>>> print(open('coords00.cif').read())   # mmCIF, C-alpha atoms
data_query
loop_
_atom_site.label_atom_id
_atom_site.label_comp_id
_atom_site.auth_asym_id
_atom_site.auth_seq_id
_atom_site.Cartn_x
_atom_site.Cartn_y
_atom_site.Cartn_z
CA MET A 1 -91.49 -66.55 -102.36
CA ILE A 2 -93.12 -69.97 -101.91
CA THR A 3 -89.62 -71.46 -101.92
CA GLY A 4 -88.63 -69.08 -99.14
CA ILE A 5 -91.61 -69.99 -96.99
CA LEU A 6 -91.12 -73.70 -97.55
CA ALA A 7 -87.38 -73.51 -96.90
CA PHE A 8 -87.92 -71.63 -93.67
CA VAL A 9 -90.65 -73.94 -92.46
CA ALA A 10 -88.33 -76.86 -93.13
CA LEU A 11 -85.35 -75.15 -91.49
CA ALA A 12 -87.32 -74.05 -88.45
CA SER A 13 -88.95 -77.42 -87.88
CA PHE A 14 -85.57 -79.11 -88.26
CA PHE A 15 -84.03 -76.89 -85.61
CA GLY A 16 -87.10 -77.23 -83.43
CA LEU A 17 -86.88 -80.99 -83.65
CA VAL A 18 -83.15 -81.03 -82.89
CA LEU A 19 -83.48 -78.64 -79.95
CA GLY A 20 -86.49 -80.48 -78.57
CA LEU A 21 -84.75 -83.82 -78.80
CA SER A 22 -81.52 -82.53 -77.31
CA ALA A 23 -83.45 -80.95 -74.43
CA VAL A 24 -84.60 -84.49 -73.58
CA ILE A 25 -81.29 -86.25 -74.31
CA PHE A 26 -79.03 -83.71 -72.60
CA LYS A 27 -81.32 -83.04 -69.67
CA VAL A 28 -79.38 -82.06 -66.56
CA GLU A 29 -80.95 -82.74 -63.19
CA SER A 30 -80.53 -79.70 -61.00
CA SER A 31 -81.76 -78.77 -57.58
CA PRO A 32 -85.43 -77.69 -57.81
CA VAL A 33 -84.93 -75.04 -55.11
CA VAL A 34 -82.13 -73.37 -57.07
CA ASP A 35 -84.29 -73.45 -60.19
CA GLN A 36 -87.23 -71.88 -58.39
CA ILE A 37 -85.05 -69.10 -56.96
CA ASP A 38 -83.43 -68.62 -60.35
CA THR A 39 -86.79 -68.09 -62.06
CA LEU A 40 -87.64 -65.33 -59.58
CA LEU A 41 -84.35 -63.47 -60.12
CA PRO A 42 -84.43 -60.80 -62.88
CA GLN A 43 -81.77 -62.55 -65.05
CA THR A 44 -79.96 -59.31 -65.79
CA GLN A 45 -76.62 -61.00 -64.92
CA CYS A 46 -75.44 -57.61 -63.66
CA GLY A 47 -73.25 -58.92 -60.87
CA GLN A 48 -74.35 -56.28 -58.36
CA CYS A 49 -74.91 -59.05 -55.79
CA SER A 50 -71.12 -59.70 -56.04
CA PHE A 51 -71.81 -63.08 -57.67
CA ALA A 52 -70.95 -63.70 -61.30
CA GLY A 53 -74.56 -64.13 -62.37
CA CYS A 54 -78.11 -64.80 -61.32
CA HIS A 55 -77.73 -68.57 -61.26
CA GLN A 56 -74.68 -68.41 -59.00
CA TYR A 57 -76.57 -66.09 -56.66
CA ALA A 58 -79.52 -68.49 -56.66
CA GLN A 59 -77.17 -71.34 -55.71
CA ALA A 60 -75.70 -69.25 -52.88
CA ILE A 61 -79.17 -68.42 -51.55
CA ALA A 62 -80.22 -72.06 -51.71
CA SER A 63 -77.15 -73.20 -49.80
CA GLY A 64 -77.63 -70.41 -47.26
CA ASP A 65 -74.39 -68.61 -48.11
CA ALA A 66 -76.04 -65.38 -49.21
CA PRO A 67 -78.89 -63.26 -47.85
CA ILE A 68 -81.94 -62.70 -50.05
CA ASN A 69 -81.57 -58.91 -50.19
CA LYS A 70 -78.56 -58.49 -52.46
CA CYS A 71 -80.33 -57.86 -55.77
CA PRO A 72 -80.92 -54.16 -56.59
CA PRO A 73 -82.63 -54.79 -59.99
CA GLY A 74 -85.14 -57.10 -58.33
CA GLY A 75 -85.96 -54.55 -55.64
CA ASP A 76 -88.43 -55.02 -52.81
CA ASN A 77 -90.79 -57.14 -54.91
CA LEU A 78 -88.12 -59.77 -55.42
CA ILE A 79 -87.17 -59.83 -51.74
CA GLN A 80 -90.83 -60.29 -50.83
CA SER A 81 -91.36 -63.17 -53.25
CA LEU A 82 -88.07 -64.81 -52.22
CA ALA A 83 -89.12 -64.51 -48.57
CA ASP A 84 -92.47 -66.12 -49.43
CA LEU A 85 -90.80 -68.91 -51.37
CA LEU A 86 -88.19 -69.75 -48.75
CA ASP A 87 -90.44 -68.94 -45.79
CA VAL A 88 -88.01 -66.47 -44.19
CA GLU A 89 -88.22 -62.85 -42.99
CA ALA A 90 -88.17 -60.20 -45.70
CA LEU A 91 -85.14 -57.94 -45.26
CA PRO A 92 -84.61 -54.38 -46.50
CA LEU A 93 -82.57 -54.11 -49.69
CA ASP A 94 -78.82 -54.22 -49.01
CA GLU A 95 -76.93 -52.24 -51.61
CA THR A 96 -73.54 -52.23 -49.94
CA GLU A 97 -71.50 -54.55 -52.09
CA ALA A 98 -69.73 -57.29 -50.10
CA ALA A 99 -70.19 -55.33 -46.87
CA HIS A 100 -66.94 -54.15 -45.24
CA SER A 101 -64.68 -57.02 -46.04
CA GLY A 102 -61.86 -54.61 -46.76
CA PRO A 103 -59.33 -53.15 -44.31
CA ILE A 104 -60.61 -50.94 -41.50
CA VAL A 105 -58.95 -48.27 -39.43
CA ALA A 106 -59.69 -46.82 -35.96
CA VAL A 107 -60.76 -43.20 -35.67
CA ILE A 108 -61.13 -41.29 -32.40
CA ILE A 109 -64.04 -38.89 -32.21
CA GLU A 110 -62.00 -36.08 -30.78
CA ASP A 111 -64.91 -34.08 -29.32
CA THR A 112 -65.85 -36.91 -26.98
CA CYS A 113 -62.35 -38.07 -25.99
CA ILE A 114 -61.61 -37.42 -22.29
CA GLY A 115 -57.88 -38.18 -22.49
CA CYS A 116 -57.84 -41.28 -20.25
CA THR A 117 -54.90 -42.95 -22.12
CA LEU A 118 -56.59 -46.38 -21.82
CA CYS A 119 -56.60 -46.86 -25.58
CA ILE A 120 -52.94 -45.90 -25.81
CA GLN A 121 -52.05 -48.74 -23.42
CA ALA A 122 -54.20 -51.15 -25.40
CA CYS A 123 -52.73 -50.35 -28.79
CA PRO A 124 -50.21 -53.04 -29.78
CA VAL A 125 -48.55 -50.97 -32.50
CA ASP A 126 -48.33 -47.57 -30.75
CA ALA A 127 -50.53 -45.99 -33.34
CA ILE A 128 -52.35 -43.74 -30.86
CA LEU A 129 -50.86 -40.41 -29.86
CA GLY A 130 -51.86 -38.37 -26.79
CA ALA A 131 -51.21 -37.75 -23.12
CA ALA A 132 -53.28 -37.79 -19.92
CA LYS A 133 -56.12 -35.24 -20.01
CA GLN A 134 -55.14 -34.45 -23.59
CA MET A 135 -57.14 -35.40 -26.63
CA HIS A 136 -55.85 -38.56 -28.41
CA THR A 137 -55.62 -39.28 -32.07
CA VAL A 138 -54.87 -42.29 -34.27
CA ILE A 139 -52.01 -42.31 -36.76
CA GLU A 140 -53.90 -43.74 -39.70
CA ASN A 141 -50.90 -45.22 -41.47
CA GLU A 142 -49.81 -47.16 -38.38
CA CYS A 143 -53.24 -48.49 -37.39
CA THR A 144 -53.70 -52.19 -38.21
CA GLY A 145 -57.43 -52.20 -37.55
CA CYS A 146 -57.15 -54.78 -34.74
CA GLU A 147 -60.04 -53.22 -32.74
CA LEU A 148 -58.22 -53.78 -29.42
CA CYS A 149 -58.65 -50.10 -28.52
CA VAL A 150 -62.43 -50.12 -28.93
CA ALA A 151 -63.30 -52.10 -25.79
CA PRO A 152 -61.20 -50.19 -23.19
CA CYS A 153 -62.56 -46.74 -24.16
CA PRO A 154 -64.89 -45.61 -21.33
CA VAL A 155 -66.75 -43.07 -23.47
CA ASP A 156 -67.05 -45.15 -26.65
CA CYS A 157 -65.39 -42.52 -28.78
CA ILE A 158 -63.43 -44.92 -31.03
CA GLU A 159 -64.99 -45.99 -34.27
CA MET A 160 -63.76 -48.51 -36.80
CA ILE A 161 -64.28 -47.19 -40.31
CA PRO A 162 -63.49 -48.94 -43.61
CA ILE A 163 -60.57 -47.45 -45.53
CA LYS A 164 -61.89 -45.83 -48.66
CA GLN A 165 -60.32 -47.33 -51.76
CA THR A 166 -58.46 -44.84 -53.90
CA ILE A 167 -56.29 -45.22 -56.94
CA SER A 168 -53.18 -45.14 -54.72
CA ASN A 169 -54.12 -48.05 -52.44
CA TRP A 170 -55.96 -50.11 -55.06
CA ARG A 171 -54.67 -53.63 -55.67
CA TRP A 172 -55.63 -56.47 -57.97
CA PRO A 173 -57.53 -59.06 -55.97
CA GLU A 174 -55.17 -61.64 -54.53
CA PRO A 175 -55.10 -65.00 -56.27
CA GLN A 176 -57.27 -67.55 -54.55
CA TYR A 177 -55.80 -70.96 -53.95
CA HIS A 178 -58.46 -73.54 -54.56
CA THR A 179 -56.72 -76.76 -55.41
CA ASN A 180 -53.12 -76.05 -54.50
CA ASN A 181 -53.84 -74.62 -51.08
CA GLN A 182 -51.60 -77.30 -49.61
CA ALA A 183 -48.68 -76.33 -51.82
CA ALA A 184 -49.00 -72.66 -50.89
CA SER A 185 -48.99 -73.32 -47.16
CA THR A 186 -45.97 -75.61 -47.55
CA ILE A 187 -44.05 -72.84 -49.28
CA TYR A 188 -44.88 -70.40 -46.50
CA THR A 189 -43.91 -72.86 -43.79
CA THR A 190 -40.57 -73.49 -45.46
CA LEU A 191 -39.99 -69.76 -45.78
CA ASP A 192 -40.79 -69.28 -42.10
CA GLN A 193 -38.34 -72.02 -41.14
CA VAL A 194 -35.58 -70.46 -43.23
CA LEU A 195 -36.25 -67.07 -41.68
CA ALA A 196 -36.22 -68.53 -38.14
CA GLU A 197 -32.92 -70.33 -38.79
CA ASN A 198 -31.37 -67.14 -40.14
CA THR A 199 -32.41 -65.16 -37.08
CA GLN A 200 -30.95 -67.78 -34.75
CA ALA A 201 -27.67 -67.79 -36.61
CA MET B 1 -50.41 -68.36 -95.39
CA ASN B 2 -49.34 -64.73 -95.33
CA GLU B 3 -52.81 -63.78 -96.46
CA TYR B 4 -54.39 -65.58 -93.49
CA PHE B 5 -52.03 -63.95 -91.04
CA LEU B 6 -52.84 -60.52 -92.46
CA LEU B 7 -56.55 -61.29 -92.24
CA LEU B 8 -56.14 -62.15 -88.56
CA VAL B 9 -54.11 -58.99 -87.82
CA SER B 10 -56.61 -56.94 -89.76
CA THR B 11 -59.63 -58.18 -87.81
CA ILE B 12 -57.95 -58.07 -84.42
CA PHE B 13 -56.30 -54.66 -84.59
CA VAL B 14 -57.00 -52.64 -87.71
CA ASN B 15 -60.71 -53.33 -88.11
CA ASN B 16 -61.39 -54.12 -84.47
CA PHE B 17 -65.08 -54.88 -84.15
CA VAL B 18 -65.69 -52.90 -81.01
CA LEU B 19 -63.42 -49.88 -81.28
CA VAL B 20 -63.26 -49.34 -85.05
CA LYS B 21 -66.50 -50.80 -86.38
CA PHE B 22 -68.50 -50.04 -83.22
CA LEU B 23 -70.29 -53.38 -83.14
CA GLY B 24 -71.00 -55.23 -79.91
CA LEU B 25 -70.89 -52.11 -77.77
CA CYS B 26 -73.60 -53.42 -75.46
CA PRO B 27 -71.59 -56.22 -73.82
CA PHE B 28 -68.50 -54.00 -74.11
CA MET B 29 -70.04 -51.41 -71.78
CA GLY B 30 -72.42 -53.72 -69.94
CA SER B 31 -70.25 -56.52 -68.64
CA SER B 32 -66.85 -54.90 -68.36
CA ARG B 33 -67.15 -53.75 -64.77
CA LYS B 34 -65.38 -56.81 -63.39
CA LEU B 35 -62.42 -58.51 -65.04
CA GLU B 36 -63.79 -61.96 -64.21
CA VAL B 37 -67.10 -61.30 -65.90
CA ALA B 38 -65.38 -59.70 -68.88
CA THR B 39 -63.15 -62.73 -69.33
CA GLY B 40 -66.14 -65.05 -69.28
CA MET B 41 -67.92 -62.88 -71.80
CA ALA B 42 -64.83 -62.77 -74.03
CA LEU B 43 -64.45 -66.55 -73.98
CA ALA B 44 -68.12 -67.11 -74.74
CA THR B 45 -68.01 -64.60 -77.59
CA THR B 46 -64.95 -66.25 -79.09
CA PHE B 47 -66.80 -69.53 -79.01
CA VAL B 48 -70.05 -68.19 -80.49
CA LEU B 49 -68.43 -66.03 -83.17
CA THR B 50 -66.27 -68.85 -84.53
CA LEU B 51 -69.18 -71.26 -84.47
CA SER B 52 -71.63 -68.82 -86.03
CA SER B 53 -69.36 -67.78 -88.89
CA ALA B 54 -68.92 -71.44 -89.79
CA SER B 55 -72.62 -72.32 -89.57
CA SER B 56 -73.80 -69.18 -91.36
CA TYR B 57 -71.37 -69.87 -94.20
CA LEU B 58 -72.77 -73.37 -94.59
CA VAL B 59 -76.38 -72.15 -94.54
CA ASN B 60 -75.62 -69.41 -97.05
CA THR B 61 -73.81 -71.67 -99.51
CA TYR B 62 -75.92 -74.79 -99.27
CA ILE B 63 -79.44 -73.49 -98.56
CA LEU B 64 -79.86 -69.81 -99.42
CA LEU B 65 -77.87 -69.64 -102.66
CA PRO B 66 -79.22 -72.81 -104.36
CA LEU B 67 -82.83 -71.85 -103.52
CA GLU B 68 -82.21 -68.21 -104.56
CA ILE B 69 -83.59 -66.79 -101.33
CA GLU B 70 -80.61 -64.58 -100.43
CA TYR B 71 -82.97 -61.75 -99.45
CA LEU B 72 -83.87 -63.77 -96.34
CA ARG B 73 -80.23 -63.88 -95.28
CA THR B 74 -80.49 -61.80 -92.10
CA ILE B 75 -83.38 -63.73 -90.58
CA ALA B 76 -81.91 -67.06 -91.65
CA PHE B 77 -78.62 -66.23 -89.94
CA ILE B 78 -80.38 -65.18 -86.73
CA LEU B 79 -82.32 -68.43 -86.71
CA VAL B 80 -79.30 -70.60 -87.37
CA ILE B 81 -77.03 -68.86 -84.89
CA ALA B 82 -79.64 -68.97 -82.12
CA ALA B 83 -80.36 -72.64 -82.73
CA VAL B 84 -76.72 -73.71 -82.94
CA VAL B 85 -75.74 -71.78 -79.83
CA ASN B 86 -78.67 -73.17 -77.86
CA PHE B 87 -77.78 -76.67 -78.93
CA THR B 88 -74.13 -76.21 -77.95
CA GLU B 89 -75.17 -74.78 -74.61
CA MET B 90 -77.19 -77.89 -73.83
CA VAL B 91 -74.35 -80.19 -74.86
CA VAL B 92 -71.81 -78.23 -72.81
CA HIS B 93 -74.16 -78.23 -69.82
CA LYS B 94 -74.41 -82.00 -69.96
CA THR B 95 -70.84 -82.90 -70.82
CA SER B 96 -68.71 -80.31 -69.05
CA PRO B 97 -70.12 -78.57 -65.96
CA MET B 98 -66.81 -76.71 -65.50
CA LEU B 99 -66.97 -75.11 -68.94
CA TYR B 100 -70.66 -74.43 -68.47
CA GLN B 101 -69.94 -72.49 -65.31
CA VAL B 102 -67.54 -70.23 -67.22
CA LEU B 103 -69.57 -69.75 -70.41
CA GLY B 104 -73.08 -70.80 -69.43
CA MET B 105 -74.90 -67.61 -68.65
CA PHE B 106 -73.20 -65.60 -71.41
CA LEU B 107 -74.02 -67.93 -74.27
CA PRO B 108 -77.73 -67.05 -74.62
CA LEU B 109 -76.92 -63.38 -73.99
CA ILE B 110 -74.61 -62.97 -76.97
CA THR B 111 -76.62 -65.05 -79.40
CA THR B 112 -78.46 -61.94 -80.48
CA ASN B 113 -75.41 -59.70 -80.27
CA CYS B 114 -74.94 -57.42 -83.28
CA ALA B 115 -71.25 -58.34 -83.59
CA VAL B 116 -72.22 -61.97 -84.11
CA LEU B 117 -74.68 -61.16 -86.88
CA GLY B 118 -72.29 -58.52 -88.23
CA VAL B 119 -69.50 -61.06 -88.69
CA ALA B 120 -71.84 -63.48 -90.48
CA LEU B 121 -73.13 -60.80 -92.86
CA LEU B 122 -69.68 -59.30 -93.53
CA ASN B 123 -68.40 -62.77 -94.39
CA VAL B 124 -70.96 -63.04 -97.15
CA GLN B 125 -70.47 -59.47 -98.37
CA THR B 126 -66.72 -59.87 -98.70
CA GLY B 127 -67.18 -63.28 -100.31
CA TYR B 128 -64.92 -65.24 -97.98
CA GLY B 129 -64.53 -69.00 -98.36
CA PHE B 130 -65.21 -71.43 -95.51
CA PHE B 131 -61.79 -71.34 -93.88
CA GLU B 132 -61.49 -67.57 -94.32
CA SER B 133 -64.95 -67.10 -92.78
CA VAL B 134 -64.00 -69.09 -89.71
CA LEU B 135 -60.71 -67.21 -89.43
CA PHE B 136 -62.49 -63.89 -89.81
CA GLY B 137 -64.95 -64.82 -87.07
CA PHE B 138 -62.17 -66.06 -84.82
CA GLY B 139 -60.09 -62.91 -85.42
CA ALA B 140 -63.05 -60.67 -84.69
CA ALA B 141 -63.62 -62.57 -81.46
CA ILE B 142 -59.97 -62.29 -80.42
CA GLY B 143 -60.16 -58.55 -81.11
CA PHE B 144 -63.32 -58.33 -79.03
CA SER B 145 -61.73 -60.30 -76.17
CA LEU B 146 -58.59 -58.15 -76.24
CA VAL B 147 -60.55 -54.91 -76.02
CA MET B 148 -62.93 -56.36 -73.45
CA ILE B 149 -60.14 -57.45 -71.09
CA LEU B 150 -58.18 -54.21 -71.53
CA PHE B 151 -61.28 -52.14 -70.87
CA ALA B 152 -62.35 -54.19 -67.84
CA SER B 153 -58.87 -53.83 -66.34
CA ILE B 154 -59.03 -50.07 -66.79
CA ARG B 155 -62.53 -49.90 -65.34
CA GLU B 156 -61.61 -51.85 -62.22
CA ARG B 157 -59.14 -49.08 -61.39
CA LEU B 158 -61.45 -46.36 -62.66
CA ALA B 159 -64.08 -47.43 -60.12
CA VAL B 160 -61.88 -46.19 -57.26
CA ALA B 161 -60.34 -43.20 -59.04
CA ASP B 162 -61.17 -39.68 -57.97
CA VAL B 163 -63.41 -38.78 -60.90
CA PRO B 164 -65.31 -35.46 -60.98
CA GLU B 165 -68.90 -36.06 -59.95
CA ILE B 166 -70.51 -35.38 -63.33
CA PHE B 167 -68.20 -37.85 -65.06
CA GLN B 168 -68.67 -40.72 -62.60
CA GLY B 169 -69.95 -44.07 -63.85
CA ALA B 170 -70.96 -44.42 -67.49
CA PRO B 171 -69.63 -41.04 -68.76
CA ILE B 172 -66.02 -41.73 -67.79
CA GLY B 173 -66.42 -45.24 -69.17
CA LEU B 174 -67.52 -43.88 -72.54
CA ILE B 175 -64.71 -41.31 -72.57
CA THR B 176 -62.21 -44.07 -71.83
CA ALA B 177 -63.66 -46.17 -74.63
CA GLY B 178 -63.33 -43.20 -76.97
CA ILE B 179 -59.69 -42.70 -76.09
CA MET B 180 -59.08 -46.42 -76.60
CA ALA B 181 -60.74 -46.17 -80.01
CA ILE B 182 -58.40 -43.32 -80.95
CA ALA B 183 -55.45 -45.43 -79.81
CA PHE B 184 -56.63 -48.31 -82.00
CA LEU B 185 -56.71 -46.00 -85.02
CA GLY B 186 -52.91 -46.10 -84.73
CA PHE B 187 -53.03 -49.59 -86.25
CA ALA B 188 -54.56 -48.27 -89.48
CA GLY B 189 -52.58 -49.34 -92.52
CA LEU B 190 -51.02 -52.42 -90.91
CA ASP B 191 -53.10 -54.61 -93.23
CA LYS B 192 -51.97 -52.91 -96.45
CA GLY B 193 -51.06 -56.17 -98.15
CA LEU B 194 -54.60 -57.52 -97.78
CA HIS B 195 -56.64 -57.78 -101.04
#
>>> encode(input="coords00.cif", output="structure tokens")
Amino acid sequence: MITGILAFVALASFFGLVLGLSAVIFKVESSPVVDQIDTLLPQTQCGQCSFAGCHQYAQAIASGDAPINKCPPGGDNLIQSLADLLDVEALPLDETEAAHSGPIVAVIIEDTCIGCTLCIQACPVDAILGAAKQMHTVIENECTGCELCVAPCPVDCIEMIPIKQTISNWRWPEPQYHTNNQAASTIYTTLDQVLAENTQA
Amino acid sequence: MNEYFLLLVSTIFVNNFVLVKFLGLCPFMGSSRKLEVATGMALATTFVLTLSSASSYLVNTYILLPLEIEYLRTIAFILVIAAVVNFTEMVVHKTSPMLYQVLGMFLPLITTNCAVLGVALLNVQTGYGFFESVLFGFGAAIGFSLVMILFASIRERLAVADVPEIFQGAPIGLITAGIMAIAFLGFAGLDKGLH
């Protein structure tokens, strides 16, 4: 038993020494603001803020890329303390993940529509059906979500709503070009040129 | 050589740590909602498991056995694994910011994972040598990564599927995991030549 105690004391102090020394030797200077924000965050690494982890979210807050109200586990307390720390307004908790970045589609509230045909003239893809003094409607599959029909409507009966994701329209996220952005655009330009030449011929 | 290959197949498919031995279920359910996160977790686990099976073998053979304090094995392994992983994390943070961004936040999380300790203890129980221990740890980690990435891919689609209300969220996740576990039972017997 004494051997056990001694061995563990030795082992633990060895590791303590190594870790303590390496904390000094391998010290990484990081932004103090990010560190302060990071200490406030709950460190659950849950990803509900749409960032990969708490530290990434802290970085985004510090650089001003993300609002302070994206952390459901932290709740109102966290938002309050972040607002105090950064000296900004406290916002209500925002639980909508990556708010409406997906495709949207126009919908006509048919009860309010007066049948003025203004939106039909505005629609660039002929996705709106209807006649004068008749109620209009949007063909959902044709609508590109360009929002051109919203402004002309005199009774404000057109709403843009996000398309709900279902298993049939779900896609893997598109690859993001970080370093070879140039290469990708070159490929597209070449393709466009080829297409244009073909049409001329 | 054949023996090593069988050991690898056995730990990846037949005795998969998550779906057959039911170890490491916490990160399996917890961080499999997004494929990106799951991949990071899988990479970090591969790293930690390989490292920990090597270090725990060394501690067991050169400290615990000579001093006859094998009964302190569990706590010794926890201590060693935690210390080694922390040390590696600091080194990685300093030397390779890119790698740290991928693995960084997961490393401390999985230090205390039951799969990590499970691999270390199973190594000793089965009496593996150094190379076999490392291979066993690596195989277990590859098995974990495989299941993790498969499950995350399923869950990304599951999130938008039309699931009955009472099954939404965790229940359908657990049912999916169960079905995957049944599928993995199909590998049983592939490692017949082992031992």
>>> resolve_selection(input="coords00.cif", expression="the PyMOL selection byres ((chain B) within 6 of (chain A))", output="list of chain:residue names")
B:Ile69, B:Lys94, B:Val160, B:Ala161
>>> write_last_selection(input="coords00.cif", atoms="C-alpha atoms", output="PDB file, keeping the file's coordinate frame")
ATOM      1  CA  ILE B  69     -83.590 -66.790-101.330  1.00  0.00           C
ATOM      2  CA  LYS B  94     -74.410 -82.000 -69.960  1.00  0.00           C
ATOM      3  CA  VAL B 160     -61.880 -46.190 -57.260  1.00  0.00           C
ATOM      4  CA  ALA B 161     -60.340 -43.200 -59.040  1.00  0.00           C
TER       5      ALA B 161
END
>>> atom_distance(input="coords00.cif", atom1="atom CA of A:Asn141", atom2="atom CA of A:Leu129")
12.6 Å
>>> residues_around(input="coords00.cif", residues="B:Gly24", least_positions_apart="5", cutoff="9 Å", atoms="all atoms listed in the file", output="count of residues only")
7
>>> resolve_selection(input="coords00.cif", expression="the PyMOL selection byres ((chain A and resi 84-95) around 7)", output="MDAnalysis selection string")
chainID A and resid 69:70 72 75:76 79:83 96:97
>>> write_last_selection(input="coords00.cif", atoms="C-alpha atoms", output="compact mmCIF listing (two decimals), in the coordinates of the input")
# COMPACT_ATOMS: atom_id res chain seq x y z
CA ASN A 69 -81.57 -58.91 -50.19
CA LYS A 70 -78.56 -58.49 -52.46
CA PRO A 72 -80.92 -54.16 -56.59
CA GLY A 75 -85.96 -54.55 -55.64
CA ASP A 76 -88.43 -55.02 -52.81
CA ILE A 79 -87.17 -59.83 -51.74
CA GLN A 80 -90.83 -60.29 -50.83
CA SER A 81 -91.36 -63.17 -53.25
CA LEU A 82 -88.07 -64.81 -52.22
CA ALA A 83 -89.12 -64.51 -48.57
CA THR A 96 -73.54 -52.23 -49.94
CA GLU A 97 -71.50 -54.55 -52.09
>>> resolve_selection(input="coords00.cif", expression="the PyMOL selection byres ((chain A and resi 107) around 9)", output="list of chain:residue names")
A:Val105, A:Ala106, A:Ile108, A:Ile109, A:Glu110, A:Thr137, A:Val138, A:Ile139, A:Glu140, A:Cys157, A:Ile158, A:Glu159, A:Met160, A:Ile161
>>> atom_distance(input="coords00.cif", atom1="atom CA of B:Phe151", atom2="atom CA of B:Glu36")
12.1 Å
>>> atom_distance(input="coords00.cif", atom1="atom CA of B:Ile12", atom2="atom CA of B:Gly139")
5.4 Å
>>> closest_residue(input="coords00.cif", among="A:Ser13, A:Ile61, A:Ala66, A:Ala151", to="A:Asp35", atoms="only C-alpha atoms")
A:Ile61
>>> closest_residue(input="coords00.cif", among="B:Ile172, B:Ala82, B:Ala183, B:Met41", to="B:Phe106", atoms="all atoms listed in the file")
B:Met41
>>> closest_residue(input="coords00.cif", among="B:Ile75, B:Leu107, B:Val14, B:Ile154", to="B:Lys192", atoms="only C-alpha atoms")
B:Val14
>>> residues_around(input="coords00.cif", residues="B:Phe13", least_positions_apart="2", cutoff="9 Å", atoms="all atoms listed in the file", output="NGL selection string")
:B and (8-11 or 15-17 or 20 or 143 or 184-185 or 187-188 or 190)
